[in-house]
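**Q** Attaching a single structure in C-alpha cells format; questions to follow.
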Amino acid sequence: MSAPIDTMCENNETLTGKKRRLESGVPSDTGTDETFSGFSVDKILREDTRHKVITLQGKFEGSEDKAVLLLEKRPFDRDSVNKLLSTVTRTKQTLKNDIYSTFDTVPDPAFAGFKTTMIYPATEKHIMKYSDQEVWVVRETPELYNSVTLPSIEASNFSIQWVYNILEKKTEADRIVFEDSDPENGFLLLPDMKWDRKDLDSLYLVAIANRRRMKSLRDLDESSLPLLRNILKKGKLAIKDKYGIPESKLRIYVHYQPSYYHFHVHFTHVKLDPPGSGVLHAHLLDDIIDNIEHDGQCYKKKTMCFTVRENDDLKKHYAEAGYFK
Ligand code: G7M
C-alpha cells in the first residue's frame with residue numbers, strides 16, 4: 001500500500017476498514033453509500049456559523065490515529081428547489097406578524113446532504129490548521145523572509161504529497177479540467193477540494209504548476225512570466241469552455257503565505273467569498289504579472305504582510321526571532 005494521502009470523501013464514502021486510506025490510482029468518485037459509524041468525536045476544533053462549517057477531531061473504532069472531519073452544509077440547488085419545497089415538512093411556525101412568517105422546516109433526506117472532508121490519518125499540524133486560533137499580522141521584509149520565513153518553510157515537514165499525487169495522476173486524474181504538460185510552463189487545472197463541483201456560483205479550481213522548485217510568491221521573477229501568463233490565459237479559457245463562466249466573473253489569485261509550498265493559483269467565482277481571499281492573504285495573478293513586468297525582482301524586494309496563527313510554526317519562528325514584542 002502506498003503512503004496515505006490527504007484526501008476528501010464525498011457521498012459519505014466508507015470510512016471503515018482498509019478503504020479509509022485511499023490508494024494511488026483510486027478514482028476520486030468512489031460512489032459508495034456507507035456510513036461514518038465507528039467515528040467518535042473527541043473535540044470540536046472550529047465552528048463557523050457564517051459558512052455553516054464545523055470541524056471535528058476524532059478517532060475511528062480500533063484505531064489510535066486521529067482524524068479530522070470537516071462538515072459543510074451545501075448551498076441550495078436551483079434546479080431542484082421546487083421539488084425541495086414540495087417535500088419539506090413545516091414542523092413549527094416560529095413567527096407570524098402581518099404578512100411575515102417564519103418556520104422550522106425539515107427537508108426530505110434526499111435534500112439534506114452535506115459535504116464531508118476527511119483528513120486521515122491527521123497529523124498535529126492538520127489539527128492545528130483546522131483549529132480556532134489567535135491571528136497575528138506579520139510585515140515581512142526581504143530580510144525577514146531570508147532569516148525567518150525561509151528557514152521555517154525549509155524546516156517544515158508539512159506534506160505536499162497530495163500535490164505530487166495530482167501531478168503524477170495518481171489521484172483526482174478523472175477531475176482534471178485542463179492540462180498543459182510542458183514541464184516548465186505547464187500546469188494542471190482541477191476543482192479545489194473545497195468546491196462541491198455543483199454550484200457554479202461557488203466555482204473553485206486550482207492550477208498546479210508542473211515546475212517543482214517554486215515555493216511561493218517570493219520565488220517569482222522575470223523567468224516565471226511565461227508560466228504565469230500561461231496559467232492566466234489557458235486557465236480562463238478552460239473555465240469558459242467547461243463551465244461557460246467568463247473571465248469577468250473570476251477572481252484569480254495566489255496566497256501568501258500559502259498552506260502548501262508548491263506554486264499554485266486559485267480560480268474562484270467572484271460571488272464566492274472563500275477564506276483566504278482577503279487583503280492579508282490573496283494577491284491577484286494579474287497584479288503579480290504586472291508587478292513583475294515593471295520590476296522582475298519585485299517579489300524579492302517587496303515587503304509583504306500576511307497573517308500567522310498562534311500555533312503555526314511560522315508564528316513560533318517569528319516569536320523566537322523577537323518579532324512580537
Ligand atoms: O492556502 P493555499 O494557497 O496553499 O491553498 C491550497 C488549496 O489547495 C486550498 O484551497 C485547498 O482547499 C486545496 N487542496 C488541499 N488539498 C489537500 C487538496 C486535495 O487533496 N485536492 C484538491 N483538489 N485540492 C486540495
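Residues are named by chain letter and number: chains run A, B, ... in the order of the C-alpha cells, numbers start at 1 in each chain, and ligands are numbered from 1 in the order shown.
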Grab me every residue within 8 Å of ligand 1, counting only C-alpha atoms and all ligand atoms, and send it over as a VMD selection string.
**A** chain A and resid 5 to 8 160 162 to 163 166 172 190 to 194 205 to 206 254 to 262 264 to 266 276
**Q** Store the residues picked out above in a file with N, CA, C and O atoms, as a short mmCIF file (atom, residue, chain, number, x, y, z; two decimals), in the first residue's frame.
**A**
```cif
data_model
loop_
_atom_site.label_atom_id
_atom_site.label_comp_id
_atom_site.auth_asym_id
_atom_site.auth_seq_id
_atom_site.Cartn_x
_atom_site.Cartn_y
_atom_site.Cartn_z
N ILE A 5 -2.69 9.48 1.91
CA ILE A 5 -2.68 10.84 1.41
C ILE A 5 -3.81 11.62 2.03
O ILE A 5 -4.79 11.06 2.48
N ASP A 6 -3.65 12.96 2.03
CA ASP A 6 -4.77 13.81 2.42
C ASP A 6 -5.80 13.66 1.34
O ASP A 6 -5.50 13.75 0.18
N THR A 7 -7.01 13.44 1.71
CA THR A 7 -8.00 13.26 0.66
C THR A 7 -9.35 13.76 1.11
O THR A 7 -9.51 14.20 2.22
N MET A 8 -10.28 13.72 0.25
CA MET A 8 -11.60 14.12 0.66
C MET A 8 -12.57 13.01 0.34
O MET A 8 -12.36 12.19 -0.51
N ILE A 160 3.36 17.72 1.07
CA ILE A 160 2.63 18.14 -0.13
C ILE A 160 2.48 16.95 -1.09
O ILE A 160 2.40 17.11 -2.29
N TRP A 162 -0.05 15.23 -1.62
CA TRP A 162 -1.30 15.29 -2.41
C TRP A 162 -1.07 16.02 -3.73
O TRP A 162 -1.67 15.68 -4.75
N VAL A 163 -0.17 17.03 -3.73
CA VAL A 163 0.13 17.78 -4.96
C VAL A 163 0.85 16.87 -5.95
O VAL A 163 0.48 16.79 -7.13
N ILE A 166 -1.42 14.42 -7.57
CA ILE A 166 -2.20 15.01 -8.67
C ILE A 166 -1.31 15.15 -9.91
O ILE A 166 -1.71 14.74 -11.01
N GLU A 172 -7.24 11.99 -8.38
CA GLU A 172 -8.03 13.08 -8.96
C GLU A 172 -7.83 13.25 -10.47
O GLU A 172 -8.22 14.27 -11.03
N LEU A 190 -7.76 21.84 -11.90
CA LEU A 190 -8.80 20.91 -11.41
C LEU A 190 -9.56 21.52 -10.25
O LEU A 190 -9.13 22.52 -9.67
N PRO A 191 -10.74 20.96 -9.91
CA PRO A 191 -11.52 21.51 -8.81
C PRO A 191 -10.76 21.46 -7.49
O PRO A 191 -10.11 20.46 -7.18
N ASP A 192 -10.83 22.54 -6.75
CA ASP A 192 -10.29 22.57 -5.40
C ASP A 192 -11.15 21.66 -4.54
O ASP A 192 -12.35 21.51 -4.78
N MET A 193 -10.54 21.06 -3.53
CA MET A 193 -11.34 20.13 -2.72
C MET A 193 -12.44 20.85 -1.93
O MET A 193 -13.36 20.22 -1.45
N LYS A 194 -12.36 22.18 -1.86
CA LYS A 194 -13.42 22.90 -1.15
C LYS A 194 -14.71 23.02 -1.97
O LYS A 194 -15.75 23.32 -1.43
N LEU A 205 -11.44 26.40 -8.49
CA LEU A 205 -10.47 25.49 -9.08
C LEU A 205 -9.06 25.91 -8.67
O LEU A 205 -8.85 27.07 -8.30
N VAL A 206 -8.13 24.96 -8.76
CA VAL A 206 -6.72 25.33 -8.54
C VAL A 206 -5.91 24.92 -9.75
O VAL A 206 -6.13 23.85 -10.33
N VAL A 254 -3.22 34.27 -5.85
CA VAL A 254 -2.23 33.40 -5.22
C VAL A 254 -2.21 33.75 -3.73
O VAL A 254 -2.33 34.92 -3.38
N HIS A 255 -2.07 32.75 -2.89
CA HIS A 255 -1.98 33.02 -1.44
C HIS A 255 -0.55 33.33 -1.02
O HIS A 255 0.38 32.67 -1.47
N TYR A 256 -0.44 34.30 -0.13
CA TYR A 256 0.83 34.49 0.55
C TYR A 256 0.50 34.78 2.01
O TYR A 256 -0.20 35.76 2.28
N GLN A 257 0.93 33.96 2.95
CA GLN A 257 1.57 32.66 2.78
C GLN A 257 0.56 31.61 2.31
O GLN A 257 -0.59 31.63 2.74
N PRO A 258 1.05 30.65 1.47
CA PRO A 258 0.18 29.52 1.14
C PRO A 258 0.24 28.48 2.27
O PRO A 258 1.10 28.58 3.16
N SER A 259 -0.65 27.52 2.22
CA SER A 259 -0.54 26.40 3.17
C SER A 259 0.46 25.38 2.65
O SER A 259 1.10 24.68 3.43
N TYR A 260 0.52 25.28 1.32
CA TYR A 260 1.34 24.24 0.69
C TYR A 260 2.34 24.92 -0.24
O TYR A 260 1.95 25.65 -1.15
N TYR A 261 3.64 24.66 0.01
CA TYR A 261 4.68 25.40 -0.71
C TYR A 261 5.07 24.72 -2.03
O TYR A 261 6.20 24.28 -2.21
N HIS A 262 4.10 24.63 -2.91
CA HIS A 262 4.33 24.25 -4.31
C HIS A 262 3.44 25.22 -5.08
O HIS A 262 2.23 25.31 -4.80
N HIS A 264 0.87 27.33 -6.85
CA HIS A 264 -0.47 27.08 -7.39
C HIS A 264 -1.28 28.37 -7.38
O HIS A 264 -0.98 29.30 -6.63
N VAL A 265 -2.32 28.40 -8.22
CA VAL A 265 -3.15 29.60 -8.38
C VAL A 265 -4.60 29.22 -8.13
O VAL A 265 -5.06 28.16 -8.56
N HIS A 266 -5.31 30.09 -7.41
CA HIS A 266 -6.73 29.86 -7.11
C HIS A 266 -7.60 30.55 -8.16
O HIS A 266 -7.38 31.73 -8.46
N GLY A 276 -9.36 33.24 2.94
CA GLY A 276 -8.09 33.46 2.23
C GLY A 276 -8.23 34.33 1.00
O GLY A 276 -7.31 34.43 0.20
#
```
**Q** Residues of region 214-294 of chain A classed as alpha helix (DSSP H) by DSSP on the backbone are to be reported as number ranges by chain.
**A** A: 225-243, 285-294
**Q** I want to know what sits within 9 Å of region 41-51 of chain A, based on only C-alpha atoms, with residues of the same chain fewer than 3 positions away left out; could you give that as an mmCIF file with N, CA and C atoms, in the first residue's frame?
**A**
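The result, written out as out-v7.cif:
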```
data_model
loop_
_atom_site.group_PDB
_atom_site.id
_atom_site.type_symbol
_atom_site.label_atom_id
_atom_site.label_comp_id
_atom_site.auth_asym_id
_atom_site.auth_seq_id
_atom_site.Cartn_x
_atom_site.Cartn_y
_atom_site.Cartn_z
ATOM 1 N N ILE A 54 -18.485 22.941 10.391
ATOM 2 C CA ILE A 54 -17.969 22.555 11.711
ATOM 3 C C ILE A 54 -16.827 21.566 11.489
ATOM 4 N N THR A 55 -15.742 21.737 12.245
ATOM 5 C CA THR A 55 -14.575 20.873 12.066
ATOM 6 C C THR A 55 -14.365 20.058 13.334
ATOM 7 N N LEU A 56 -14.246 18.763 13.169
ATOM 8 C CA LEU A 56 -14.181 17.851 14.305
ATOM 9 C C LEU A 56 -12.889 17.055 14.314
ATOM 10 N N GLN A 57 -12.412 16.789 15.525
ATOM 11 C CA GLN A 57 -11.294 15.860 15.657
ATOM 12 C C GLN A 57 -11.838 14.613 16.320
ATOM 13 N N GLY A 58 -11.415 13.454 15.834
ATOM 14 C CA GLY A 58 -11.919 12.232 16.450
ATOM 15 C C GLY A 58 -11.103 11.027 16.041
ATOM 16 N N LYS A 59 -11.657 9.865 16.370
ATOM 17 C CA LYS A 59 -10.954 8.606 16.051
ATOM 18 C C LYS A 59 -11.963 7.596 15.519
ATOM 19 N N VAL A 68 -9.491 14.209 11.146
ATOM 20 C CA VAL A 68 -10.183 15.500 11.125
ATOM 21 C C VAL A 68 -11.322 15.385 10.118
ATOM 22 N N GLU A 72 -19.805 20.419 6.068
ATOM 23 C CA GLU A 72 -20.173 21.705 5.460
ATOM 24 C C GLU A 72 -21.536 21.603 4.793
ATOM 25 N N LYS A 73 -22.471 22.475 5.191
ATOM 26 C CA LYS A 73 -23.796 22.472 4.557
ATOM 27 C C LYS A 73 -23.670 22.955 3.113
ATOM 28 N N ILE A 127 -4.343 19.163 12.647
ATOM 29 C CA ILE A 127 -5.281 19.505 13.727
ATOM 30 C C ILE A 127 -5.158 20.992 14.045
ATOM 31 N N MET A 128 -3.932 21.494 14.086
ATOM 32 C CA MET A 128 -3.717 22.937 14.316
ATOM 33 C C MET A 128 -4.339 23.757 13.190
ATOM 34 N N TYR A 130 -6.763 23.249 11.305
ATOM 35 C CA TYR A 130 -8.223 23.317 11.303
ATOM 36 C C TYR A 130 -8.802 23.778 12.640
ATOM 37 N N SER A 131 -7.933 24.222 13.572
ATOM 38 C CA SER A 131 -8.431 24.673 14.888
ATOM 39 C C SER A 131 -8.570 26.185 14.930
ATOM 40 N N ASP A 132 -9.440 26.632 15.833
ATOM 41 C CA ASP A 132 -9.581 28.071 16.100
ATOM 42 C C ASP A 132 -8.332 28.586 16.795
ATOM 43 N N PRO A 274 -14.392 33.016 -0.306
ATOM 44 C CA PRO A 274 -13.804 31.916 0.460
ATOM 45 C C PRO A 274 -12.779 32.423 1.464
#
```
**Q** DSSP on the backbone: what in region 227-296 of chain A comes out strand (DSSP E or B), as a PyMOL selection string?
**A** chain A and resi 250-255+264-269+282-284
**Q** Which of these, A:Leu237, A:Leu188, A:Leu150, A:Leu225, has the shortest distance to Asn210 (chain A) once you count only C-alpha atoms?
**A**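 Selected residue with least distance to Asn210 (chain A): A:Leu188.
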**Q** Might you pull out every residue within 12 Å of Asp313 (chain A), with only C-alpha atoms counted and same-chain residues fewer than 4 positions away left off, and present them as an MDAnalysis selection string?
**A** chainID A and resid 124:125 128:129 148:158 259 308:309 317:320
**Q** Using the selection just defined, write its residues with N, CA, C and O atoms as a compact mmCIF listing (two decimals), in the first residue's frame.
**A**
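Contents of part_10.txt, as written:
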```txt
# COMPACT_ATOMS: atom_id res chain seq x y z
N GLU A 124 -0.56 16.38 13.89
CA GLU A 124 -0.84 17.51 14.80
C GLU A 124 -0.95 18.80 13.99
O GLU A 124 -1.71 19.68 14.33
N LYS A 125 -0.16 18.89 12.89
CA LYS A 125 -0.21 20.11 12.07
C LYS A 125 -1.57 20.29 11.42
O LYS A 125 -2.08 21.40 11.30
N MET A 128 -3.93 21.49 14.09
CA MET A 128 -3.72 22.94 14.32
C MET A 128 -4.34 23.76 13.19
O MET A 128 -4.99 24.75 13.41
N LYS A 129 -4.07 23.31 11.94
CA LYS A 129 -4.54 24.06 10.77
C LYS A 129 -6.05 24.26 10.82
O LYS A 129 -6.56 25.29 10.43
N VAL A 148 13.92 34.42 8.64
CA VAL A 148 12.93 33.71 9.47
C VAL A 148 12.01 32.81 8.62
O VAL A 148 11.90 31.61 8.87
N THR A 149 11.35 33.41 7.60
CA THR A 149 10.33 32.62 6.87
C THR A 149 10.95 31.44 6.13
O THR A 149 10.49 30.30 6.28
N LEU A 150 12.00 31.72 5.33
CA LEU A 150 12.57 30.65 4.51
C LEU A 150 13.08 29.48 5.37
O LEU A 150 12.72 28.33 5.10
N PRO A 151 13.89 29.76 6.42
CA PRO A 151 14.32 28.61 7.26
C PRO A 151 13.13 27.87 7.87
O PRO A 151 13.16 26.64 8.01
N SER A 152 12.06 28.61 8.19
CA SER A 152 10.88 27.95 8.78
C SER A 152 10.21 27.03 7.76
O SER A 152 9.84 25.90 8.08
N ILE A 153 10.10 27.51 6.50
CA ILE A 153 9.50 26.67 5.45
C ILE A 153 10.37 25.43 5.23
O ILE A 153 9.88 24.31 5.11
N GLU A 154 11.69 25.67 5.20
CA GLU A 154 12.59 24.55 4.91
C GLU A 154 12.59 23.51 6.04
O GLU A 154 12.78 22.33 5.80
N ALA A 155 12.34 23.98 7.26
CA ALA A 155 12.33 23.04 8.39
C ALA A 155 10.99 22.32 8.51
O ALA A 155 10.88 21.32 9.22
N SER A 156 9.98 22.84 7.80
CA SER A 156 8.64 22.27 7.97
C SER A 156 8.55 20.93 7.25
O SER A 156 9.09 20.74 6.17
N ASN A 157 7.85 20.01 7.90
CA ASN A 157 7.67 18.72 7.22
C ASN A 157 6.20 18.51 6.82
O ASN A 157 5.71 17.41 6.77
N PHE A 158 5.50 19.64 6.59
CA PHE A 158 4.09 19.54 6.20
C PHE A 158 4.04 18.96 4.79
O PHE A 158 4.55 19.54 3.84
N SER A 259 -0.65 27.52 2.22
CA SER A 259 -0.54 26.40 3.17
C SER A 259 0.46 25.38 2.65
O SER A 259 1.10 24.68 3.43
N VAL A 308 -0.36 35.06 10.58
CA VAL A 308 0.03 33.75 11.11
C VAL A 308 -0.92 33.44 12.28
O VAL A 308 -1.45 34.37 12.89
N ARG A 309 -1.10 32.17 12.54
CA ARG A 309 -1.98 31.81 13.65
C ARG A 309 -1.12 31.28 14.80
O ARG A 309 0.00 30.81 14.60
N HIS A 317 8.49 30.75 14.93
CA HIS A 317 9.81 31.22 14.48
C HIS A 317 9.91 32.74 14.57
O HIS A 317 10.95 33.27 14.95
N TYR A 318 8.82 33.43 14.21
CA TYR A 318 8.84 34.91 14.32
C TYR A 318 8.91 35.32 15.79
O TYR A 318 9.62 36.26 16.14
N ALA A 319 8.22 34.60 16.66
CA ALA A 319 8.26 34.94 18.08
C ALA A 319 9.69 34.72 18.60
O ALA A 319 10.24 35.58 19.32
N GLU A 320 10.32 33.61 18.21
CA GLU A 320 11.69 33.34 18.65
C GLU A 320 12.66 34.41 18.16
O GLU A 320 13.65 34.72 18.82
```
**Q** Go through A:Pro75, A:Pro121, A:Pro142, A:Pro109 one by one, measure the shortest atom-to-atom distance of each to Tyr299 (chain A) using only C-alpha atoms, and give the residue with the smallest value.
**A**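 Closest residue, counting only C-alpha atoms: A:Pro142.
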